[in-house]
Structure formats: structure tokens, C-alpha cells
Amino acid sequence: MSSSTSSSQNATRQAAQEAFVPTMRELVRTYQAFAAYSEAHVRQFSLTPSQFDVIATLGNTNGMSMSDIGEKTLITKGTLTGVIDRLIKKEIVTRENPPGDRRTVIVRLTAKGEQVFEQVFPAHIAYLKTQFEKLEPSELELLRVLLGRLRTNF
């Protein structure tokens, strides 16, 4: 075995032993479990998780620019346009340019979209609550603080 292969194997073993690796794995597994649980419920309303995210973000607003929606959701800019297009086809949102500003696009819930929001949002929060309420309020707060601290490190 060459010294570079041995050195590479040692670096690999050392990396796998870093103290944060089990925490990182648990964070990813937790997110995957949450996403699967949430998605299964949202799909019962004939929505994708991204469509639900947009509807939930636009609910109780007078509309938002595409850039604001992108900042407030978990949807990448490239994906957001397609999500909005599909919501327009479902007559859940409209897309318009404000007078005198052709570069800005405002997305708003339609009357049907408002109805969808009023039906789906509280139902989904109630569905998620059944899992989150298994934690004590102090545990939820600690988790929120620690996740926020972790996020700011990136």
C-alpha cells in the first residue's frame, strides 16, 4: 500500500470519528422523517409540499413578489416558477405585474386559493401538532434555540 493511500484512509477514518457526525446524521434522519410525514398528509389535499409551502406563505397576505416567496419558503428560485405555474393552472394563485413595474411579479391567492388555505393550513398544523406535542414546551424551545444557533453557523 502506498503512503498516499494509507494517508487517505487515515484521513477518512479520522473524518468519520468527528464528534459532530452522529448529530449531523440524526439531523438529516429527523428532517427526512418529518418531510415524509408532512408530505403524506399534504398530498391528501392534491398538493405537493412545495405547493403547500407557497399557499401557506401567501395565506393572510395581499400577495408577495416572487423573490419574497423564494426567501420565505424552502423552494429554490428555479423550482418556484414551475410551482407557481402549476398553482395558476389549479386556479389557486394569480401572477401579475404592478402598474409601472414590469420587472416585479406579484403572486396572490385567488378566492379558491384562500379557501384552500383556510381548509388545508389549519388541518396540516393540527396534523403536525400531534407529533410536536409529544415534546415538553421547554424541549421545543431548547430545540428551536439550538437549531437556530446551528443555522447561523452556516
# chains A, B, ... in the order shown; residues from 1 in each chain; ligands from 1

call {"tool": "residues_around", "arguments": {"residues": "Ala111 of chain A", "least_positions_apart": "3", "cutoff": "12 Å", "atoms": "only C-alpha atoms", "output": "number ranges by chain"}}
result
A: 59, 62, 90-94, 108, 114-118

call {"tool": "residues_around", "arguments": {"residues": "Gly70 of chain A", "least_positions_apart": "4", "cutoff": "10 Å", "atoms": "only C-alpha atoms", "output": "MDAnalysis selection string"}}
result
chainID A and resid 54 57 64:66 74:81

call {"tool": "write_last_selection", "arguments": {"atoms": "N, CA and C atoms", "output": "PDB file, in the first residue's frame"}}
result
ATOM      1  N   VAL A  54     -46.030  27.358  -0.669  1.00  0.00           N
ATOM      2  CA  VAL A  54     -46.404  28.634  -1.285  1.00  0.00           C
ATOM      3  C   VAL A  54     -47.758  29.105  -0.759  1.00  0.00           C
ATOM      4  N   THR A  57     -47.456  30.314   2.756  1.00  0.00           N
ATOM      5  CA  THR A  57     -46.712  31.582   2.797  1.00  0.00           C
ATOM      6  C   THR A  57     -47.587  32.745   2.351  1.00  0.00           C
ATOM      7  N   MET A  64     -47.273  38.536  -2.615  1.00  0.00           N
ATOM      8  CA  MET A  64     -45.832  38.748  -2.424  1.00  0.00           C
ATOM      9  C   MET A  64     -45.139  38.682  -3.768  1.00  0.00           C
ATOM     10  N   SER A  65     -43.977  39.297  -3.815  1.00  0.00           N
ATOM     11  CA  SER A  65     -43.152  39.180  -5.010  1.00  0.00           C
ATOM     12  C   SER A  65     -42.553  37.770  -5.049  1.00  0.00           C
ATOM     13  N   MET A  66     -42.149  37.366  -6.217  1.00  0.00           N
ATOM     14  CA  MET A  66     -41.524  36.049  -6.369  1.00  0.00           C
ATOM     15  C   MET A  66     -40.280  35.962  -5.484  1.00  0.00           C
ATOM     16  N   LEU A  74     -38.974  27.164   1.328  1.00  0.00           N
ATOM     17  CA  LEU A  74     -37.823  26.273   1.159  1.00  0.00           C
ATOM     18  C   LEU A  74     -37.599  25.923  -0.310  1.00  0.00           C
ATOM     19  N   ILE A  75     -38.177  26.728  -1.204  1.00  0.00           N
ATOM     20  CA  ILE A  75     -38.171  26.409  -2.629  1.00  0.00           C
ATOM     21  C   ILE A  75     -37.093  27.210  -3.339  1.00  0.00           C
ATOM     22  N   THR A  76     -36.301  26.529  -4.165  1.00  0.00           N
ATOM     23  CA  THR A  76     -35.277  27.222  -4.928  1.00  0.00           C
ATOM     24  C   THR A  76     -35.920  28.059  -6.029  1.00  0.00           C
ATOM     25  N   LYS A  77     -35.224  29.094  -6.451  1.00  0.00           N
ATOM     26  CA  LYS A  77     -35.769  30.015  -7.444  1.00  0.00           C
ATOM     27  C   LYS A  77     -36.154  29.303  -8.739  1.00  0.00           C
ATOM     28  N   GLY A  78     -35.339  28.372  -9.172  1.00  0.00           N
ATOM     29  CA  GLY A  78     -35.626  27.651 -10.406  1.00  0.00           C
ATOM     30  C   GLY A  78     -36.882  26.802 -10.311  1.00  0.00           C
ATOM     31  N   THR A  79     -37.135  26.234  -9.156  1.00  0.00           N
ATOM     32  CA  THR A  79     -38.312  25.397  -8.942  1.00  0.00           C
ATOM     33  C   THR A  79     -39.564  26.236  -8.723  1.00  0.00           C
ATOM     34  N   LEU A  80     -39.394  27.420  -8.122  1.00  0.00           N
ATOM     35  CA  LEU A  80     -40.536  28.250  -7.739  1.00  0.00           C
ATOM     36  C   LEU A  80     -41.413  28.619  -8.930  1.00  0.00           C
ATOM     37  N   THR A  81     -40.831  28.959 -10.051  1.00  0.00           N
ATOM     38  CA  THR A  81     -41.613  29.340 -11.230  1.00  0.00           C
ATOM     39  C   THR A  81     -42.541  28.202 -11.655  1.00  0.00           C
TER      40      THR A  81
END

call {"tool": "select_by_dssp", "arguments": {"residues": "segment 19-108 of chain A", "states": "helix (DSSP H, G or I)", "output": "ChimeraX atom specification"}}
result
/A:21-43,49-58,66-72,77-89

call {"tool": "atom_distance", "arguments": {"atom1": "atom CA of Leu47 of chain A", "atom2": "atom CA of Glu71 of chain A"}}
result
20.6 Å

call {"tool": "residues_around", "arguments": {"residues": "Asp68 of chain A", "least_positions_apart": "4", "cutoff": "10 Å", "atoms": "only C-alpha atoms", "output": "short mmCIF file (atom, residue, chain, number, x, y, z; two decimals) with N, CA and C atoms, in the first residue's frame"}}
result
data_model
loop_
_atom_site.label_atom_id
_atom_site.label_comp_id
_atom_site.auth_asym_id
_atom_site.auth_seq_id
_atom_site.Cartn_x
_atom_site.Cartn_y
_atom_site.Cartn_z
N THR A 57 -47.46 30.31 2.76
CA THR A 57 -46.71 31.58 2.80
C THR A 57 -47.59 32.75 2.35
N GLY A 63 -50.48 39.24 -1.09
CA GLY A 63 -49.61 38.80 -2.17
C GLY A 63 -48.16 39.14 -1.86
N MET A 64 -47.27 38.54 -2.61
CA MET A 64 -45.83 38.75 -2.42
C MET A 64 -45.14 38.68 -3.77
N LYS A 72 -38.97 33.25 1.78
CA LYS A 72 -39.77 32.78 2.91
C LYS A 72 -40.13 31.30 2.82
N THR A 73 -39.82 30.66 1.71
CA THR A 73 -40.13 29.23 1.55
C THR A 73 -38.84 28.44 1.45
N ILE A 106 -46.01 39.94 -8.76
CA ILE A 106 -46.71 39.71 -7.50
C ILE A 106 -47.60 38.48 -7.65
N VAL A 107 -47.50 37.58 -6.69
CA VAL A 107 -48.32 36.37 -6.68
C VAL A 107 -49.31 36.51 -5.53
#
